[in-house]
$ cat data09.cif   # mmCIF, C-alpha atoms
data_final
#
loop_
_atom_site.group_PDB
_atom_site.id
_atom_site.type_symbol
_atom_site.label_atom_id
_atom_site.label_comp_id
_atom_site.auth_asym_id
_atom_site.auth_seq_id
_atom_site.Cartn_x
_atom_site.Cartn_y
_atom_site.Cartn_z
ATOM 1 C CA MET A 1 -25.813 -16.393 -2.336
ATOM 2 C CA THR A 2 -22.015 -16.391 -2.293
ATOM 3 C CA LYS A 3 -20.317 -13.886 -0.031
ATOM 4 C CA ILE A 4 -17.373 -12.125 -1.678
ATOM 5 C CA ASN A 5 -14.661 -11.010 0.702
ATOM 6 C CA PRO A 6 -12.825 -7.770 -0.057
ATOM 7 C CA PRO A 7 -9.153 -8.108 -1.007
ATOM 8 C CA SER A 8 -6.725 -8.223 1.907
ATOM 9 C CA PHE A 9 -3.302 -6.674 2.416
ATOM 10 C CA GLN A 10 -2.124 -10.174 3.352
ATOM 11 C CA THR A 11 -2.736 -11.442 -0.212
ATOM 12 C CA GLU A 12 -1.385 -10.249 -3.595
ATOM 13 C CA PRO A 13 1.610 -8.289 -2.218
ATOM 14 C CA LYS A 14 1.754 -5.695 -4.995
ATOM 15 C CA GLY A 15 0.588 -2.120 -4.901
ATOM 16 C CA SER A 16 0.608 1.228 -6.592
ATOM 17 C CA PHE A 17 -0.346 4.772 -5.800
ATOM 18 C CA GLY A 18 -0.509 8.057 -7.569
ATOM 19 C CA ILE A 19 -0.324 11.630 -6.366
ATOM 20 C CA TYR A 20 -2.552 14.099 -8.179
ATOM 21 C CA SER A 21 -3.040 17.853 -8.161
ATOM 22 C CA ASN A 22 -6.326 19.090 -9.644
ATOM 23 C CA ALA A 23 -6.726 15.735 -11.452
ATOM 24 C CA ASP A 24 -3.250 16.030 -13.022
ATOM 25 C CA PRO A 25 -0.831 13.209 -12.116
ATOM 26 C CA ILE A 26 2.278 14.418 -10.286
ATOM 27 C CA SER A 27 3.898 11.057 -9.529
ATOM 28 C CA PHE A 28 3.097 7.379 -9.684
ATOM 29 C CA GLN A 29 4.778 4.394 -8.028
ATOM 30 C CA THR A 30 4.399 0.664 -8.173
ATOM 31 C CA PHE A 31 5.915 -1.568 -5.512
ATOM 32 C CA LYS A 32 5.851 -4.909 -3.737
ATOM 33 C CA TYR A 33 5.244 -5.178 -0.019
ATOM 34 C CA LYS A 34 5.179 -7.517 2.950
ATOM 35 C CA VAL A 35 3.144 -6.979 6.135
ATOM 36 C CA GLU A 36 4.602 -8.245 9.438
ATOM 37 C CA ASP A 37 4.260 -7.208 13.085
ATOM 38 C CA SER A 38 2.260 -4.008 12.420
ATOM 39 C CA LYS A 39 4.728 -2.849 9.773
ATOM 40 C CA ILE A 40 4.451 -2.708 6.009
ATOM 41 C CA TYR A 41 7.769 -3.293 4.236
ATOM 42 C CA ILE A 42 7.963 -1.605 0.815
ATOM 43 C CA TYR A 43 10.462 -2.867 -1.785
ATOM 44 C CA ASP A 44 10.984 -3.215 -5.561
ATOM 45 C CA VAL A 45 9.787 0.357 -6.012
ATOM 46 C CA PHE A 46 9.354 1.671 -9.560
ATOM 47 C CA PRO A 47 10.582 4.137 -10.674
ATOM 48 C CA LYS A 48 13.915 2.762 -9.473
ATOM 49 C CA GLY A 49 16.142 4.579 -7.083
ATOM 50 C CA LYS A 50 14.168 4.381 -3.850
ATOM 51 C CA SER A 51 15.599 2.026 -1.239
ATOM 52 C CA PRO A 52 13.382 -0.490 0.563
ATOM 53 C CA TYR A 53 11.743 0.942 3.686
ATOM 54 C CA TYR A 54 9.019 0.185 6.218
ATOM 55 C CA LEU A 55 6.163 2.087 7.848
ATOM 56 C CA ASP A 56 4.276 1.397 11.066
ATOM 57 C CA CYS A 57 0.661 0.596 10.248
ATOM 58 C CA LYS A 58 -2.652 -0.746 11.479
ATOM 59 C CA ILE A 59 -4.625 -3.135 9.269
ATOM 60 C CA SER A 60 -8.307 -3.940 9.386
ATOM 61 C CA LYS A 61 -9.598 -6.119 6.540
ATOM 62 C CA ASN A 62 -8.895 -4.186 3.325
ATOM 63 C CA LYS A 63 -7.878 -0.910 5.045
ATOM 64 C CA LEU A 64 -4.363 0.040 6.083
ATOM 65 C CA LYS A 65 -3.716 3.109 8.233
ATOM 66 C CA ILE A 66 -0.342 4.858 8.436
ATOM 67 C CA GLU A 67 -0.260 7.536 11.128
ATOM 68 C CA ASN A 68 3.195 9.124 10.703
ATOM 69 C CA GLY A 69 5.309 10.538 7.890
ATOM 70 C CA GLU A 70 4.567 11.855 4.434
ATOM 71 C CA GLU A 71 2.707 8.653 3.523
ATOM 72 C CA SER A 72 0.292 9.016 6.469
ATOM 73 C CA GLY A 73 -3.318 8.308 5.677
ATOM 74 C CA THR A 74 -5.765 5.458 5.227
ATOM 75 C CA TYR A 75 -5.303 3.200 2.205
ATOM 76 C CA GLU A 76 -7.756 0.709 0.800
ATOM 77 C CA LYS A 77 -6.781 -2.494 -1.003
ATOM 78 C CA LEU A 78 -8.720 -2.659 -4.256
ATOM 79 C CA GLU A 79 -9.169 -5.618 -6.539
ATOM 80 C CA TYR A 80 -8.562 -5.102 -10.236
#
$ encode --input "data09.cif" --output "structure tokens"
Amino acid sequence: MTKINPPSFQTEPKGSFGIYSNADPISFQTFKYKVEDSKIYIYDVFPKGKSPYYLDCKISKNKLKIENGEESGTYEKLEY
């Protein structure tokens, strides 16, 4: 039996997220990122107009936790 590892935030440095209200999409972003020294650096954000930025984070396997700011929460890296 082959063990399949979950995707990691250290591989495939692309992401996206959507914000929904009652199942209706409010906003959606795609971006590229780099993880270094307990920080996630976000850049190449679409839609355009948002400057690159970073957030302090904790990573454990395919989970990333951001504790401060409007993006705070626990995120899971999914494989598509």
$ residues_near_point --input "data09.cif" --point "(7.2, 3.2, 11.0)" --cutoff "10 Å" --atoms "only C-alpha atoms" --output "list in words"
Ser38, Lys39, Ile40, Tyr41, Tyr53, Tyr54, Leu55, Asp56, Cys57, Ile66, Glu67, Asn68 and Gly69 of chain A
$ closest_atom_pairs --input "data09.cif" --of "stretch 44-71 of chain A" --to "stretch 28-37 of chain A" --cutoff "6 Å" --atoms "only C-alpha atoms" --output "tab-separated table"
residue	atom	partner	partner_atom	distance
A:Asp44	CA	A:Phe31	CA	5.3
A:Val45	CA	A:Phe31	CA	4.4
A:Phe46	CA	A:Thr30	CA	5.2
$ atom_distance --input "data09.cif" --atom1 "atom CA of A:Gly15" --atom2 "atom CA of A:Leu78"
9.3 Å
$ closest_residue --input "data09.cif" --among "A:Pro25, A:Ser51, A:Glu76, A:Thr11" --to "A:Lys63" --atoms "all atoms listed in the file"
A:Glu76
$ atom_distance --input "data09.cif" --atom1 "atom CA of A:Leu64" --atom2 "atom CA of A:Tyr20"
20.1 Å
$ closest_residue --input "data09.cif" --among "A:Lys77, A:Gly49, A:Lys65, A:Glu71" --to "A:Ile19" --atoms "only C-alpha atoms"
A:Glu71
$ atom_distance --input "data09.cif" --atom1 "atom CA of A:Ala23" --atom2 "atom CA of A:Asn62"
24.9 Å
$ closest_residue --input "data09.cif" --among "A:Asp24, A:Gly18, A:Ser8, A:Glu79" --to "A:Ser60" --atoms "only C-alpha atoms"
A:Ser8
$ closest_residue --input "data09.cif" --among "A:Lys58, A:Pro52, A:Asn22, A:Pro47" --to "A:Tyr75" --atoms "all atoms listed in the file"
A:Lys58
$ decode --input "data09.cif" --residues "stretch 5-24 of chain A" --atoms "N, CA and C atoms" --output "PDB file, in the first residue's frame"
ATOM      1  N   ASN A   5       1.125  11.440   0.812  1.00  0.00           N
ATOM      2  CA  ASN A   5       1.292  12.569   1.715  1.00  0.00           C
ATOM      3  C   ASN A   5       0.403  13.723   1.283  1.00  0.00           C
ATOM      4  N   PRO A   6      -0.169  14.448   2.241  1.00  0.00           N
ATOM      5  CA  PRO A   6      -0.977  15.615   1.867  1.00  0.00           C
ATOM      6  C   PRO A   6      -0.081  16.682   1.252  1.00  0.00           C
ATOM      7  N   PRO A   7      -0.639  17.575   0.452  1.00  0.00           N
ATOM      8  CA  PRO A   7       0.164  18.653  -0.126  1.00  0.00           C
ATOM      9  C   PRO A   7       0.752  19.527   0.980  1.00  0.00           C
ATOM     10  N   SER A   8       1.868  20.160   0.694  1.00  0.00           N
ATOM     11  CA  SER A   8       2.568  20.970   1.678  1.00  0.00           C
ATOM     12  C   SER A   8       2.620  22.417   1.212  1.00  0.00           C
ATOM     13  N   PHE A   9       2.690  23.350   2.154  1.00  0.00           N
ATOM     14  CA  PHE A   9       2.838  24.749   1.794  1.00  0.00           C
ATOM     15  C   PHE A   9       4.227  25.036   1.233  1.00  0.00           C
ATOM     16  N   GLN A  10       5.155  24.093   1.380  1.00  0.00           N
ATOM     17  CA  GLN A  10       6.498  24.275   0.846  1.00  0.00           C
ATOM     18  C   GLN A  10       6.566  23.921  -0.640  1.00  0.00           C
ATOM     19  N   THR A  11       5.549  23.260  -1.181  1.00  0.00           N
ATOM     20  CA  THR A  11       5.531  22.896  -2.597  1.00  0.00           C
ATOM     21  C   THR A  11       4.404  23.641  -3.297  1.00  0.00           C
ATOM     22  N   GLU A  12       4.456  23.733  -4.611  1.00  0.00           N
ATOM     23  CA  GLU A  12       3.419  24.391  -5.425  1.00  0.00           C
ATOM     24  C   GLU A  12       3.011  25.732  -4.815  1.00  0.00           C
ATOM     25  N   PRO A  13       3.869  26.761  -4.957  1.00  0.00           N
ATOM     26  CA  PRO A  13       3.634  28.041  -4.267  1.00  0.00           C
ATOM     27  C   PRO A  13       2.577  28.930  -4.926  1.00  0.00           C
ATOM     28  N   LYS A  14       1.397  28.371  -5.140  1.00  0.00           N
ATOM     29  CA  LYS A  14       0.272  29.144  -5.658  1.00  0.00           C
ATOM     30  C   LYS A  14      -0.916  28.919  -4.743  1.00  0.00           C
ATOM     31  N   GLY A  15      -1.773  29.894  -4.640  1.00  0.00           N
ATOM     32  CA  GLY A  15      -2.937  29.738  -3.788  1.00  0.00           C
ATOM     33  C   GLY A  15      -4.096  30.582  -4.258  1.00  0.00           C
ATOM     34  N   SER A  16      -5.220  30.354  -3.636  1.00  0.00           N
ATOM     35  CA  SER A  16      -6.411  31.152  -3.892  1.00  0.00           C
ATOM     36  C   SER A  16      -7.313  31.066  -2.686  1.00  0.00           C
ATOM     37  N   PHE A  17      -8.152  32.058  -2.524  1.00  0.00           N
ATOM     38  CA  PHE A  17      -9.175  31.971  -1.486  1.00  0.00           C
ATOM     39  C   PHE A  17     -10.355  32.825  -1.886  1.00  0.00           C
ATOM     40  N   GLY A  18     -11.483  32.455  -1.371  1.00  0.00           N
ATOM     41  CA  GLY A  18     -12.702  33.188  -1.634  1.00  0.00           C
ATOM     42  C   GLY A  18     -13.372  33.547  -0.329  1.00  0.00           C
ATOM     43  N   ILE A  19     -14.086  34.646  -0.334  1.00  0.00           N
ATOM     44  CA  ILE A  19     -14.874  35.062   0.820  1.00  0.00           C
ATOM     45  C   ILE A  19     -16.339  34.989   0.399  1.00  0.00           C
ATOM     46  N   TYR A  20     -17.130  34.307   1.208  1.00  0.00           N
ATOM     47  CA  TYR A  20     -18.529  34.072   0.880  1.00  0.00           C
ATOM     48  C   TYR A  20     -19.428  34.579   1.995  1.00  0.00           C
ATOM     49  N   SER A  21     -20.631  34.976   1.624  1.00  0.00           N
ATOM     50  CA  SER A  21     -21.669  35.344   2.568  1.00  0.00           C
ATOM     51  C   SER A  21     -22.931  34.596   2.156  1.00  0.00           C
ATOM     52  N   ASN A  22     -23.391  33.693   3.013  1.00  0.00           N
ATOM     53  CA  ASN A  22     -24.574  32.880   2.707  1.00  0.00           C
ATOM     54  C   ASN A  22     -24.434  32.184   1.345  1.00  0.00           C
ATOM     55  N   ALA A  23     -23.274  31.615   1.098  1.00  0.00           N
ATOM     56  CA  ALA A  23     -22.951  30.870  -0.123  1.00  0.00           C
ATOM     57  C   ALA A  23     -22.821  31.744  -1.363  1.00  0.00           C
ATOM     58  N   ASP A  24     -22.888  33.065  -1.217  1.00  0.00           N
ATOM     59  CA  ASP A  24     -22.687  33.976  -2.340  1.00  0.00           C
ATOM     60  C   ASP A  24     -21.257  34.513  -2.290  1.00  0.00           C
TER      61      ASP A  24
END
